[in-house]
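Enquirer: For reference, this is start.txt, and it has compact mmCIF, C-alpha atoms.
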```txt
# COMPACT_ATOMS: atom_id res chain seq x y z
CA THR A 22 -1.29 25.24 -34.90
CA GLU A 23 -2.68 24.94 -31.36
CA ARG A 24 -5.25 22.37 -32.51
CA ASP A 25 -2.54 20.22 -34.11
CA THR A 26 -0.22 20.29 -31.08
CA GLU A 27 -2.95 19.39 -28.56
CA PRO A 28 -3.07 15.63 -29.42
CA MET A 29 0.73 15.50 -29.36
CA THR A 30 0.79 17.12 -25.92
CA CYS A 31 -1.82 14.70 -24.56
CA HIS A 32 0.15 11.75 -25.95
CA LEU A 33 3.36 12.99 -24.34
CA GLN A 34 1.58 13.61 -21.04
CA SER A 35 0.12 10.09 -21.03
CA LYS A 36 3.48 8.56 -21.88
CA ASN A 37 5.30 10.47 -19.13
CA LEU A 38 2.62 9.62 -16.60
CA ILE A 39 2.64 5.90 -17.43
CA LEU A 40 6.43 5.73 -17.20
CA THR A 41 6.39 7.58 -13.88
CA VAL A 42 3.78 5.17 -12.48
CA CYS A 43 5.84 2.15 -13.58
CA ALA A 44 9.11 3.57 -12.24
CA ALA A 45 7.55 4.25 -8.83
CA GLY A 46 5.54 1.03 -8.66
CA ILE A 47 8.23 -1.52 -9.57
CA GLY A 48 10.22 -0.78 -6.43
CA GLY A 49 7.25 0.34 -4.35
CA THR A 50 4.07 -1.59 -3.64
CA PHE A 51 5.18 -4.27 -6.10
CA GLN A 52 7.74 -5.27 -3.47
CA TYR A 53 5.01 -5.54 -0.83
CA GLY A 54 3.04 -8.10 -2.84
CA TYR A 55 6.14 -9.91 -4.02
CA ASN A 56 7.59 -10.33 -0.53
CA ILE A 57 4.28 -11.60 0.83
CA SER A 58 4.10 -14.43 -1.70
CA ILE A 59 7.73 -15.59 -2.04
CA ILE A 60 7.92 -16.67 1.61
CA ASN A 61 5.17 -19.27 1.18
CA ALA A 62 6.85 -21.64 -1.31
CA PRO A 63 10.01 -22.46 0.73
CA THR A 64 8.20 -22.83 4.08
CA LEU A 65 9.13 -26.49 4.63
CA TYR A 66 12.67 -25.99 3.36
CA ILE A 67 13.32 -23.08 5.72
CA GLN A 68 11.87 -24.98 8.67
CA THR A 69 14.14 -27.91 7.86
CA PHE A 70 17.09 -25.51 7.57
CA MET A 71 16.29 -24.08 11.01
CA ASN A 72 16.15 -27.52 12.59
CA LYS A 73 19.33 -28.69 10.86
CA THR A 74 21.23 -25.53 11.84
CA TRP A 75 20.17 -25.86 15.48
CA LEU A 76 21.24 -29.51 15.46
CA GLU A 77 24.70 -28.55 14.19
CA ARG A 78 25.04 -25.88 16.87
CA THR A 79 23.82 -27.76 19.91
CA GLY A 80 23.80 -31.42 18.96
CA ALA A 81 20.06 -31.66 19.69
CA PRO A 82 17.19 -31.15 17.24
CA LEU A 83 14.41 -28.66 17.78
CA GLY A 84 10.98 -29.85 18.79
CA SER A 85 8.11 -29.37 16.35
CA GLY A 86 6.63 -26.68 18.62
CA MET A 87 9.90 -24.72 18.69
CA VAL A 88 10.27 -24.96 14.91
CA LEU A 89 6.75 -23.62 14.51
CA LEU A 90 7.53 -20.81 16.97
CA LEU A 91 10.67 -19.78 15.08
CA TRP A 92 8.80 -19.88 11.78
CA SER A 93 5.93 -17.85 13.21
CA PHE A 94 8.41 -15.24 14.41
CA THR A 95 10.07 -15.17 10.97
CA VAL A 96 6.71 -14.47 9.35
CA SER A 97 5.59 -12.01 12.02
CA VAL A 98 8.62 -9.72 11.83
CA PHE A 99 7.53 -8.67 8.33
CA PRO A 100 4.46 -6.69 9.53
CA LEU A 101 6.52 -5.51 12.51
CA GLY A 102 8.99 -4.01 10.07
CA GLY A 103 6.05 -2.61 8.14
CA LEU A 104 4.97 -0.74 11.26
CA ALA A 105 8.45 0.73 11.66
CA GLY A 106 8.50 1.72 7.99
CA ALA A 107 5.07 3.34 8.21
CA VAL A 108 6.20 5.42 11.20
CA ALA A 109 9.36 6.49 9.37
CA ALA A 110 7.57 7.26 6.10
CA GLY A 111 6.18 10.63 7.22
CA PRO A 112 9.50 12.20 8.27
CA MET A 113 11.23 10.69 5.24
CA ALA A 114 8.67 12.18 2.84
CA ILE A 115 9.17 15.65 4.33
CA VAL A 116 12.94 15.64 4.83
CA LEU A 117 14.08 13.66 1.78
CA GLY A 118 11.16 14.24 -0.55
CA ARG A 119 8.85 11.69 -2.18
CA LYS A 120 11.15 10.48 -4.95
CA MET A 121 14.32 10.38 -2.86
CA SER A 122 12.48 8.46 -0.12
CA LEU A 123 11.49 5.78 -2.64
CA LEU A 124 15.09 5.55 -3.82
CA VAL A 125 16.54 5.33 -0.31
CA ASN A 126 13.90 2.75 0.56
CA ASN A 127 15.54 0.28 -1.83
CA VAL A 128 18.56 0.07 0.47
CA PHE A 129 16.49 -1.92 2.98
CA VAL A 130 15.57 -4.52 0.35
CA ILE A 131 19.11 -4.85 -1.01
CA ILE A 132 20.49 -5.46 2.48
CA ALA A 133 17.67 -7.96 3.10
CA ALA A 134 18.47 -9.76 -0.16
CA VAL A 135 22.12 -10.10 0.80
CA LEU A 136 21.21 -11.47 4.24
CA SER A 137 18.70 -14.02 2.98
CA GLY A 138 20.82 -14.99 -0.02
CA PHE A 139 23.82 -15.90 2.12
CA SER A 140 21.88 -17.26 5.12
CA GLN A 141 22.25 -20.90 4.10
CA MET A 142 25.95 -20.48 3.42
CA ALA A 143 26.44 -18.78 6.79
CA ARG A 144 24.30 -21.42 8.55
CA SER A 145 22.24 -18.67 10.20
CA PHE A 146 18.43 -18.60 10.16
CA GLU A 147 18.62 -15.36 12.16
CA MET A 148 19.74 -13.67 8.95
CA ILE A 149 16.42 -14.67 7.37
CA MET A 150 14.52 -13.12 10.30
CA LEU A 151 16.45 -9.87 9.99
CA SER A 152 15.95 -9.82 6.22
CA ARG A 153 12.19 -10.24 6.65
CA PHE A 154 12.14 -7.32 9.09
CA LEU A 155 13.97 -5.11 6.59
CA THR A 156 11.64 -6.09 3.75
CA GLY A 157 8.77 -5.14 6.07
CA VAL A 158 10.36 -1.72 6.61
CA ASN A 159 10.54 -1.33 2.84
CA ALA A 160 6.87 -2.27 2.49
CA GLY A 161 5.79 0.18 5.20
CA VAL A 162 7.63 3.06 3.55
CA SER A 163 6.50 2.29 0.00
CA MET A 164 2.85 1.71 0.92
CA ASN A 165 2.73 5.27 2.30
CA ILE A 166 5.00 7.26 0.01
CA GLN A 167 4.27 5.75 -3.41
CA PRO A 168 0.54 6.73 -3.45
CA MET A 169 1.56 10.17 -2.17
CA TYR A 170 4.15 10.63 -4.92
CA LEU A 171 1.81 9.46 -7.68
CA ALA A 172 -1.21 11.45 -6.48
CA GLU A 173 0.85 14.64 -6.31
CA SER A 174 2.40 14.03 -9.74
CA ALA A 175 -0.82 13.21 -11.60
CA PRO A 176 -3.22 15.80 -13.08
CA ARG A 177 -6.43 16.33 -11.16
CA LYS A 178 -8.69 14.39 -13.53
CA LEU A 179 -6.44 11.30 -13.36
CA ARG A 180 -5.34 11.56 -9.73
CA GLY A 181 -7.64 8.86 -8.38
CA ALA A 182 -6.89 6.36 -11.14
CA VAL A 183 -3.14 6.91 -10.86
CA ALA A 184 -3.14 6.52 -7.07
CA LEU A 185 -5.02 3.22 -7.39
CA THR A 186 -2.23 1.76 -9.51
CA SER A 187 -0.52 1.04 -6.18
CA ALA A 188 -3.04 -1.76 -5.65
CA SER A 189 -2.39 -3.06 -9.16
CA PHE A 190 1.35 -3.26 -8.52
CA THR A 191 0.72 -5.07 -5.23
CA ALA A 192 -1.39 -7.66 -7.04
CA LEU A 193 1.23 -7.94 -9.79
CA GLY A 194 3.88 -8.58 -7.17
CA LEU A 195 1.74 -11.29 -5.60
CA VAL A 196 1.27 -13.11 -8.90
CA LEU A 197 4.92 -12.90 -9.96
CA GLY A 198 6.02 -14.04 -6.51
CA GLN A 199 3.76 -17.07 -6.82
CA VAL A 200 5.10 -17.83 -10.30
CA VAL A 201 8.76 -17.44 -9.33
CA GLY A 202 8.10 -19.61 -6.26
CA LEU A 203 7.14 -22.62 -8.37
CA ARG A 204 9.50 -25.56 -7.87
CA GLU A 205 10.40 -25.47 -11.60
CA LEU A 206 11.87 -21.97 -11.09
CA LEU A 207 13.24 -20.84 -7.70
CA GLY A 208 10.95 -22.74 -5.33
CA GLY A 209 13.13 -25.87 -5.10
CA GLU A 210 15.03 -27.14 -2.09
CA GLU A 211 18.40 -25.91 -3.34
CA SER A 212 17.30 -22.57 -4.77
CA TRP A 213 15.14 -21.07 -2.00
CA PRO A 214 17.91 -18.61 -0.88
CA LEU A 215 17.88 -17.20 -4.42
CA LEU A 216 14.09 -16.92 -4.24
CA LEU A 217 14.26 -14.84 -1.05
CA ALA A 218 17.05 -12.71 -2.53
CA SER A 219 15.26 -12.14 -5.85
CA ASN A 220 13.52 -9.04 -4.43
CA ALA A 221 16.78 -7.17 -5.11
CA VAL A 222 15.99 -7.19 -8.85
CA PRO A 223 12.98 -4.76 -8.67
CA ALA A 224 14.99 -2.57 -6.27
CA LEU A 225 17.90 -2.31 -8.70
CA ILE A 226 15.53 -1.55 -11.58
CA GLN A 227 13.98 1.34 -9.67
CA LEU A 228 17.38 2.68 -8.66
CA MET A 229 18.34 2.84 -12.33
CA VAL A 230 15.04 4.21 -13.68
CA LEU A 231 13.37 6.50 -11.13
CA PRO A 232 16.18 9.13 -10.97
CA TRP A 233 15.27 10.12 -14.54
CA PHE A 234 11.81 11.27 -13.43
CA PRO A 235 10.99 14.51 -11.57
CA GLU A 236 10.19 15.00 -7.93
CA SER A 237 6.60 15.65 -6.87
CA PRO A 238 5.72 19.21 -8.04
CA ARG A 239 3.49 19.74 -5.01
CA TYR A 240 6.33 18.83 -2.65
CA LEU A 241 8.75 21.14 -4.45
CA LEU A 242 6.41 24.13 -4.18
CA ILE A 243 4.61 23.65 -0.86
CA ASP A 244 7.25 21.94 1.29
CA ARG A 245 10.43 23.39 -0.21
CA GLY A 246 9.09 26.64 -1.66
CA ASP A 247 11.02 26.09 -4.90
CA ARG A 248 8.72 27.49 -7.60
CA GLU A 249 11.20 27.12 -10.46
CA SER A 250 11.81 23.43 -9.75
CA CYS A 251 8.06 22.92 -9.45
CA ILE A 252 7.44 24.44 -12.89
CA SER A 253 10.26 22.38 -14.38
CA ALA A 254 8.82 19.17 -12.90
CA LEU A 255 5.34 20.02 -14.19
CA LYS A 256 6.70 20.61 -17.70
CA LYS A 257 8.41 17.21 -17.67
CA LEU A 258 5.28 15.47 -16.44
CA ARG A 259 2.73 17.31 -18.58
CA GLY A 260 4.80 17.95 -21.70
CA SER A 261 3.18 21.40 -21.96
CA SER A 262 3.91 24.99 -21.00
CA ASP A 263 0.26 25.74 -20.23
CA LEU A 264 0.45 25.18 -16.49
CA GLY A 265 -1.33 28.27 -15.20
CA GLU A 266 -4.42 26.61 -13.72
CA GLU A 267 -2.53 23.77 -12.02
CA LEU A 268 0.13 26.11 -10.66
CA GLU A 269 -2.55 28.47 -9.32
CA GLU A 270 -4.18 25.54 -7.52
CA MET A 271 -0.90 24.61 -5.82
CA LEU A 272 -0.19 28.23 -4.90
CA ALA A 273 -3.58 28.33 -3.16
CA GLU A 274 -2.64 25.19 -1.24
CA GLN A 275 0.70 26.75 -0.33
CA ALA A 276 -1.06 29.84 1.02
CA ALA A 277 -3.47 27.69 3.03
CA ALA A 278 -0.59 25.66 4.53
CA LYS A 279 1.55 28.71 5.34
CA GLY A 280 2.56 28.86 8.99
CA GLN A 281 1.55 25.27 9.69
CA ARG A 282 3.98 22.57 10.79
CA ALA A 283 3.90 18.79 10.63
CA LYS A 284 1.84 17.39 13.49
CA LYS A 285 3.01 14.70 15.88
CA PRO A 286 0.82 11.55 15.96
CA TRP A 287 -0.58 12.32 19.40
CA GLU A 288 -1.41 15.87 18.31
CA LEU A 289 -3.64 14.56 15.55
CA PHE A 290 -5.94 12.86 18.07
CA GLN A 291 -6.34 16.17 19.91
CA ASN A 292 -7.00 18.29 16.81
CA PRO A 293 -10.72 18.54 15.91
CA ALA A 294 -9.83 19.92 12.46
CA VAL A 295 -8.63 16.46 11.32
CA ARG A 296 -11.07 14.31 13.30
CA TRP A 297 -12.89 12.73 10.35
CA GLN A 298 -9.73 12.43 8.27
CA LEU A 299 -8.14 10.45 11.11
CA ILE A 300 -11.22 8.28 11.61
CA SER A 301 -11.35 7.53 7.89
CA ILE A 302 -7.69 6.53 7.79
CA ILE A 303 -8.10 4.25 10.81
CA VAL A 304 -11.26 2.61 9.43
CA LEU A 305 -9.90 2.05 5.92
CA SER A 306 -6.46 0.89 7.05
CA SER A 307 -7.99 -1.50 9.58
CA ALA A 308 -10.35 -2.84 6.94
CA MET A 309 -7.42 -3.57 4.62
CA GLN A 310 -5.86 -5.77 7.30
CA LEU A 311 -9.07 -7.34 8.65
CA CYS A 312 -10.91 -8.04 5.40
CA GLY A 313 -9.31 -11.46 5.09
CA ASN A 314 -7.45 -10.70 1.88
CA ASP A 315 -4.06 -11.82 3.20
CA SER A 316 -5.54 -14.95 4.77
CA MET A 317 -6.59 -16.10 1.31
CA TYR A 318 -2.92 -16.25 0.37
CA PHE A 319 -1.52 -17.53 3.66
CA TYR A 320 -4.03 -20.39 3.84
CA ALA A 321 -4.70 -20.90 0.13
CA ALA A 322 -2.83 -24.22 0.03
CA TYR A 323 -4.81 -25.51 3.01
CA VAL A 324 -8.09 -24.30 1.50
CA PHE A 325 -7.54 -26.06 -1.80
CA GLN A 326 -6.30 -29.19 -0.06
CA GLU A 327 -9.54 -29.35 1.92
CA ALA A 328 -11.44 -28.86 -1.33
CA GLY A 329 -9.87 -32.08 -2.68
CA ILE A 330 -7.41 -30.58 -5.16
CA PRO A 331 -4.31 -32.77 -5.69
CA GLN A 332 -1.21 -31.60 -3.82
CA ASP A 333 0.93 -31.27 -6.97
CA THR A 334 -1.68 -29.03 -8.59
CA ILE A 335 -2.21 -26.65 -5.66
CA PRO A 336 0.74 -24.26 -6.41
CA TYR A 337 -0.68 -23.61 -9.86
CA VAL A 338 -4.22 -23.14 -8.53
CA VAL A 339 -2.92 -20.65 -5.96
CA ILE A 340 -1.63 -18.51 -8.83
CA GLY A 341 -5.26 -18.19 -9.91
CA THR A 342 -6.14 -16.36 -6.66
CA GLY A 343 -3.45 -13.77 -7.28
CA SER A 344 -4.42 -13.47 -10.94
CA CYS A 345 -8.02 -12.79 -9.92
CA GLU A 346 -6.96 -9.87 -7.74
CA LEU A 347 -4.60 -8.56 -10.42
CA ILE A 348 -7.29 -8.57 -13.13
CA THR A 349 -9.89 -6.87 -10.96
CA SER A 350 -7.45 -4.27 -9.59
CA VAL A 351 -6.53 -3.30 -13.15
CA THR A 352 -10.10 -3.16 -14.46
CA CYS A 353 -12.00 -1.29 -11.77
CA VAL A 354 -12.27 -0.77 -8.02
CA ARG A 355 -15.91 -1.76 -7.86
CA GLY A 356 -15.04 -4.99 -9.57
CA LEU A 357 -12.36 -5.64 -6.98
CA ILE A 358 -14.74 -5.08 -4.07
CA THR A 359 -17.40 -7.27 -5.66
CA CYS A 360 -14.86 -10.00 -6.37
CA LEU A 361 -13.59 -9.98 -2.79
CA LEU A 362 -17.13 -10.22 -1.41
CA LEU A 363 -18.10 -13.05 -3.74
CA TYR A 364 -14.83 -14.84 -3.11
CA ARG A 365 -15.40 -14.77 0.63
CA MET A 366 -18.94 -16.08 0.27
CA SER A 367 -17.74 -18.89 -2.01
CA LEU A 368 -15.01 -19.88 0.44
CA THR A 369 -17.47 -20.08 3.34
CA SER A 370 -19.26 -22.89 1.56
CA SER A 371 -16.20 -24.94 0.64
CA CYS A 372 -13.39 -24.50 3.14
CA SER A 373 -12.25 -23.53 6.60
CA LEU A 374 -9.05 -22.25 8.18
CA PRO A 375 -7.25 -24.18 10.94
CA PRO A 376 -7.84 -21.98 14.04
CA PRO A 377 -11.39 -20.70 13.30
CA GLN A 378 -12.50 -24.10 12.04
CA LYS A 379 -13.11 -25.39 15.56
CA ASN A 380 -15.77 -22.78 16.28
CA LEU A 381 -17.06 -21.48 12.94
CA ALA A 382 -16.49 -24.51 10.69
CA HIS A 383 -17.58 -23.64 7.13
CA PHE A 384 -18.58 -20.10 8.18
CA CYS A 385 -15.01 -19.09 9.05
CA TYR A 386 -14.96 -16.35 6.38
CA VAL A 387 -18.19 -14.74 7.59
CA PRO A 388 -16.31 -12.34 9.98
CA PHE A 389 -14.27 -11.10 7.01
CA LEU A 390 -17.45 -10.60 5.01
CA VAL A 391 -18.92 -8.55 7.88
CA VAL A 392 -15.82 -6.34 7.91
CA CYS A 393 -16.16 -5.71 4.15
CA ILE A 394 -19.85 -4.81 4.44
CA CYS A 395 -19.31 -2.47 7.40
CA THR A 396 -16.47 -0.74 5.58
CA ALA A 397 -18.61 -0.29 2.47
CA VAL A 398 -21.36 1.28 4.61
CA TYR A 399 -18.87 3.70 6.18
CA ILE A 400 -17.48 4.70 2.77
CA TRP A 401 -20.99 5.27 1.37
CA PHE A 402 -22.25 7.47 4.20
CA PHE A 403 -19.18 9.21 5.64
CA LEU A 404 -16.42 9.46 3.05
CA PRO A 405 -16.67 12.46 0.68
CA GLU A 406 -16.21 12.06 -3.05
CA THR A 407 -12.71 13.06 -4.19
CA LYS A 408 -12.99 12.55 -7.96
CA GLY A 409 -11.93 15.63 -9.93
CA LYS A 410 -11.32 17.71 -6.79
CA SER A 411 -8.19 19.51 -5.66
CA PHE A 412 -6.57 18.83 -2.29
CA LEU A 413 -8.03 22.11 -0.99
CA GLU A 414 -11.55 21.15 -2.07
CA ILE A 415 -11.22 17.76 -0.37
CA SER A 416 -9.94 19.45 2.79
CA GLU A 417 -12.93 21.80 2.68
CA GLU A 418 -15.30 18.82 2.52
CA PHE A 419 -13.74 17.37 5.64
CA ARG A 420 -13.70 20.77 7.35
CA LYS A 421 -17.47 21.07 6.92
CA ARG A 422 -17.91 17.64 8.50
CA ASN A 423 -15.47 18.33 11.34
CA PHE A 424 -17.15 21.63 12.27
CA ARG A 425 -20.73 20.83 11.30
CA ALA A 426 -22.09 21.78 14.74
CA GLN A 427 -20.37 25.17 14.67
CA SER A 428 -21.59 25.76 11.11
CA LEU A 429 -25.18 25.06 12.08
CA GLU A 430 -24.87 27.35 15.09
CA ALA A 431 -23.46 30.14 12.93
CA PHE A 432 -26.20 29.63 10.37
CA TYR A 433 -28.95 30.33 12.95
CA LYS A 434 -29.26 34.12 13.35
CA GLY A 435 -32.79 34.45 14.62
CA PRO A 436 -32.17 36.82 17.59
CA GLU A 437 -29.99 39.13 15.49
CA GLU A 438 -32.66 39.38 12.83
CA ILE A 439 -35.32 40.12 15.44
CA ARG A 440 -33.28 42.98 16.91
CA SER A 441 -32.87 44.50 13.48
CA THR A 442 -36.52 44.19 12.47
CA THR A 443 -38.55 47.38 12.65
CA LEU A 444 -42.31 47.59 12.91
```
Translate this structure into structure tokens?

Expert:
Amino acid sequence: TERDTEPMTCHLQSKNLILTVCAAGIGGTFQYGYNISIINAPTLYIQTFMNKTWLERTGAPLGSGMVLLLWSFTVSVFPLGGLAGAVAAGPMAIVLGRKMSLLVNNVFVIIAAVLSGFSQMARSFEMIMLSRFLTGVNAGVSMNIQPMYLAESAPRKLRGAVALTSASFTALGLVLGQVVGLRELLGGEESWPLLLASNAVPALIQLMVLPWFPESPRYLLIDRGDRESCISALKKLRGSSDLGEELEEMLAEQAAAKGQRAKKPWELFQNPAVRWQLISIIVLSSAMQLCGNDSMYFYAAYVFQEAGIPQDTIPYVVIGTGSCELITSVTCVRGLITCLLLYRMSLTSSCSLPPPQKNLAHFCYVPFLVVCICTAVYIWFFLPETKGKSFLEISEEFRKRNFRAQSLEAFYKGPEEIRSTTL
């Protein structure tokens, strides 16, 4: 009967959704967190390799300042590659599709793994720099396309929770990168090339697993106009033939998007219809980079050293910072925000970072705390609630905010009413 098959359908839907999330996440934002953390353990070994390689080439060693400059460039090309990947993510998502873009994105990591894995053998630290740039490209693409793919594949009531799994996979990648980077595993002096090349493993897993899952139904219907493929994808994801309501919602979105084309970045700044959407993206994306979250990992060893923790124990204590983020990202978003705020306040009383220490001393994390508070205020007052709403309903919320002045002007009809009033 229908009552008996309903629990089975829900179970199948949950199973398909969980597997889809894992298949997308393992080669997506997981790589972002993993590649951030694995570069920290072999820092001294790579710097020594750079100096030794330069000495073999020229017969003269590098100065400490030049070694630091080369290392800074090696670290900095990762976010530079992320910028390139973020720019390429939009066209890739439209031309290749969400799922195919995630699959193609693994090519960057595999090439990077080959470069870094053979860099010591080839006596070339430039290969490490290029590999870090390519892993950055991978991170930029996955950070944009994975949430898009998952949000479009999830049912409306679970869309927010499923999209937030991207943060959970990032935290999981951070923790596993810290664990694998321990000197007992791949963080030793002889094994650091294998550590840098180990990011090929998640890429290969995704290449084997993700092809078995469907493309985003919303992309198939709205961007490609393929209704049959959309229905087939929905059946695989939902495990049910009762798709009328969800399909009707996507058809309404298709009708609303008819005749529109993808906007260029500079066109978005000139379009008042997306003003608040653009502001929200800029504010939230900037807050992610300026909240001090990454600095906790980059300077964690220095922080714990200043706190008096023994040097041999620090790598294991650092794992605790990543574990804290992983636990809170899995449990709830509010818990994550609260944890980050409390963590910043606790660090201001016990540590300081090298550059800000000269001016702010023990209050060096206060600027990060201010960024978190300001972002929370913006979210509370200006960002509409998206829970349980379709993409069209969310767009309508932003449309009301973008054209609030025109709406208020249209609402006032005093003179017209006076002309139509008879005595």

Enquirer: From the list A:Leu197, A:Ala110, A:Leu215, A:Leu90, which residue is nearest Phe139 (chain A) when using only C-alpha atoms?

Expert: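 Answer, going by the shortest atom-to-atom distance: A:Leu215.
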
Enquirer: Determine, counting all atoms listed in the file, which protein, DNA and RNA residues have an atom within 12 Å of an atom of Cys43 (chain A); residues of the same chain fewer than 3 positions away are not included. Present the result as a compact mmCIF listing (two decimals) with C-alpha atoms, in the frame of the given file.

Expert:
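New file part.txt:
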```txt
# COMPACT_ATOMS: atom_id res chain seq x y z
CA LYS A 36 3.48 8.56 -21.88
CA ASN A 37 5.30 10.47 -19.13
CA LEU A 38 2.62 9.62 -16.60
CA ILE A 39 2.64 5.90 -17.43
CA LEU A 40 6.43 5.73 -17.20
CA GLY A 46 5.54 1.03 -8.66
CA ILE A 47 8.23 -1.52 -9.57
CA GLY A 48 10.22 -0.78 -6.43
CA GLY A 49 7.25 0.34 -4.35
CA THR A 50 4.07 -1.59 -3.64
CA PHE A 51 5.18 -4.27 -6.10
CA GLN A 167 4.27 5.75 -3.41
CA LEU A 171 1.81 9.46 -7.68
CA VAL A 183 -3.14 6.91 -10.86
CA ALA A 184 -3.14 6.52 -7.07
CA THR A 186 -2.23 1.76 -9.51
CA SER A 187 -0.52 1.04 -6.18
CA SER A 189 -2.39 -3.06 -9.16
CA PHE A 190 1.35 -3.26 -8.52
CA LEU A 193 1.23 -7.94 -9.79
CA PRO A 223 12.98 -4.76 -8.67
CA ILE A 226 15.53 -1.55 -11.58
CA GLN A 227 13.98 1.34 -9.67
CA VAL A 230 15.04 4.21 -13.68
CA LEU A 231 13.37 6.50 -11.13
CA PHE A 234 11.81 11.27 -13.43
```

Enquirer: Identify the residues around (14.3, -4.5, -4.2) within a radius of 7 Å, measuring from all atoms listed in the file in the coordinates stated by the file, and give them as a short mmCIF file (atom, residue, chain, number, x, y, z; two decimals) with C-alpha atoms, keeping the file's coordinate frame.

Expert:
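Saved as point35.cif:
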```
data_model
loop_
_atom_site.label_atom_id
_atom_site.label_comp_id
_atom_site.auth_asym_id
_atom_site.auth_seq_id
_atom_site.Cartn_x
_atom_site.Cartn_y
_atom_site.Cartn_z
CA GLY A 48 10.22 -0.78 -6.43
CA GLN A 52 7.74 -5.27 -3.47
CA ASN A 127 15.54 0.28 -1.83
CA VAL A 130 15.57 -4.52 0.35
CA ILE A 131 19.11 -4.85 -1.01
CA ASN A 220 13.52 -9.04 -4.43
CA ALA A 221 16.78 -7.17 -5.11
CA VAL A 222 15.99 -7.19 -8.85
CA PRO A 223 12.98 -4.76 -8.67
CA ALA A 224 14.99 -2.57 -6.27
CA LEU A 225 17.90 -2.31 -8.70
#
```

Enquirer: Go through A:Val125, A:Tyr337, A:Pro176, A:Ala294 and flag the residue nearest Gly260 (chain A), using only C-alpha atoms for the distances.

Expert: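 Nearest candidate to Gly260 (chain A) out of A:Val125, A:Tyr337, A:Pro176, A:Ala294: A:Pro176.
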
Enquirer: Show me as a list of chain:residue names the residues that reach within 10 Å of (13.1, 19.9, 2.8), counting only C-alpha atoms and using the file's own coordinates.

Expert: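 In the file's frame, the residues around the point are A:Met113, A:Ala114, A:Ile115, A:Val116, A:Leu117, A:Gly118, A:Tyr240, A:Leu241, A:Ile243, A:Asp244, A:Arg245, A:Gly246.
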
Enquirer: List the neighbours of Ala218 (chain A) out to 10 Å using only C-alpha atoms; skip same-chain residues closer than 4 positions along the sequence, and give me the result as number ranges by chain.

Expert: A: 56, 59, 130-139, 152, 213-214, 222

Enquirer: Of the candidates A:Leu264, A:Ala175, A:Ile335, A:Leu101, which one gets nearest to Ala62 (chain A) if we count only C-alpha atoms?

Expert: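 Checking each candidate against Ala62 (chain A), we get A:Ile335 as the closest.
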
Enquirer: By how many Å are CA of Ile348 (chain A) and CA of Leu203 (chain A) apart?

Expert: 20.7 Å

Enquirer: Looking at all atoms listed in the file, which of A:Leu305, A:Ala44, A:Met142, A:Ile60 is the one that sits closest to Leu207 (chain A)?

Expert: A:Ile60

Enquirer: With all atoms listed in the file as the basis for distance, which of A:Ala254, A:Met121, A:Leu299, A:Leu311 is at the shortest distance from Asn423 (chain A)?

Expert: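 Checking each candidate against Asn423 (chain A), we get A:Leu299 as the closest.
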
Enquirer: Could you check which of A:Gly80, A:Gly343, A:Pro293, A:Gly194 is closest to Arg422 (chain A), using only C-alpha atoms?

Expert: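 Among the listed residues, the smallest separation from Arg422 (chain A) belongs to A:Pro293.
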
Enquirer: Do you have the CA of Glu414 (chain A)-CA of Leu255 (chain A) distance handy?

Expert: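 One can read the CA of Glu414 (chain A) to CA of Leu255 (chain A) distance as 20.8 Å.
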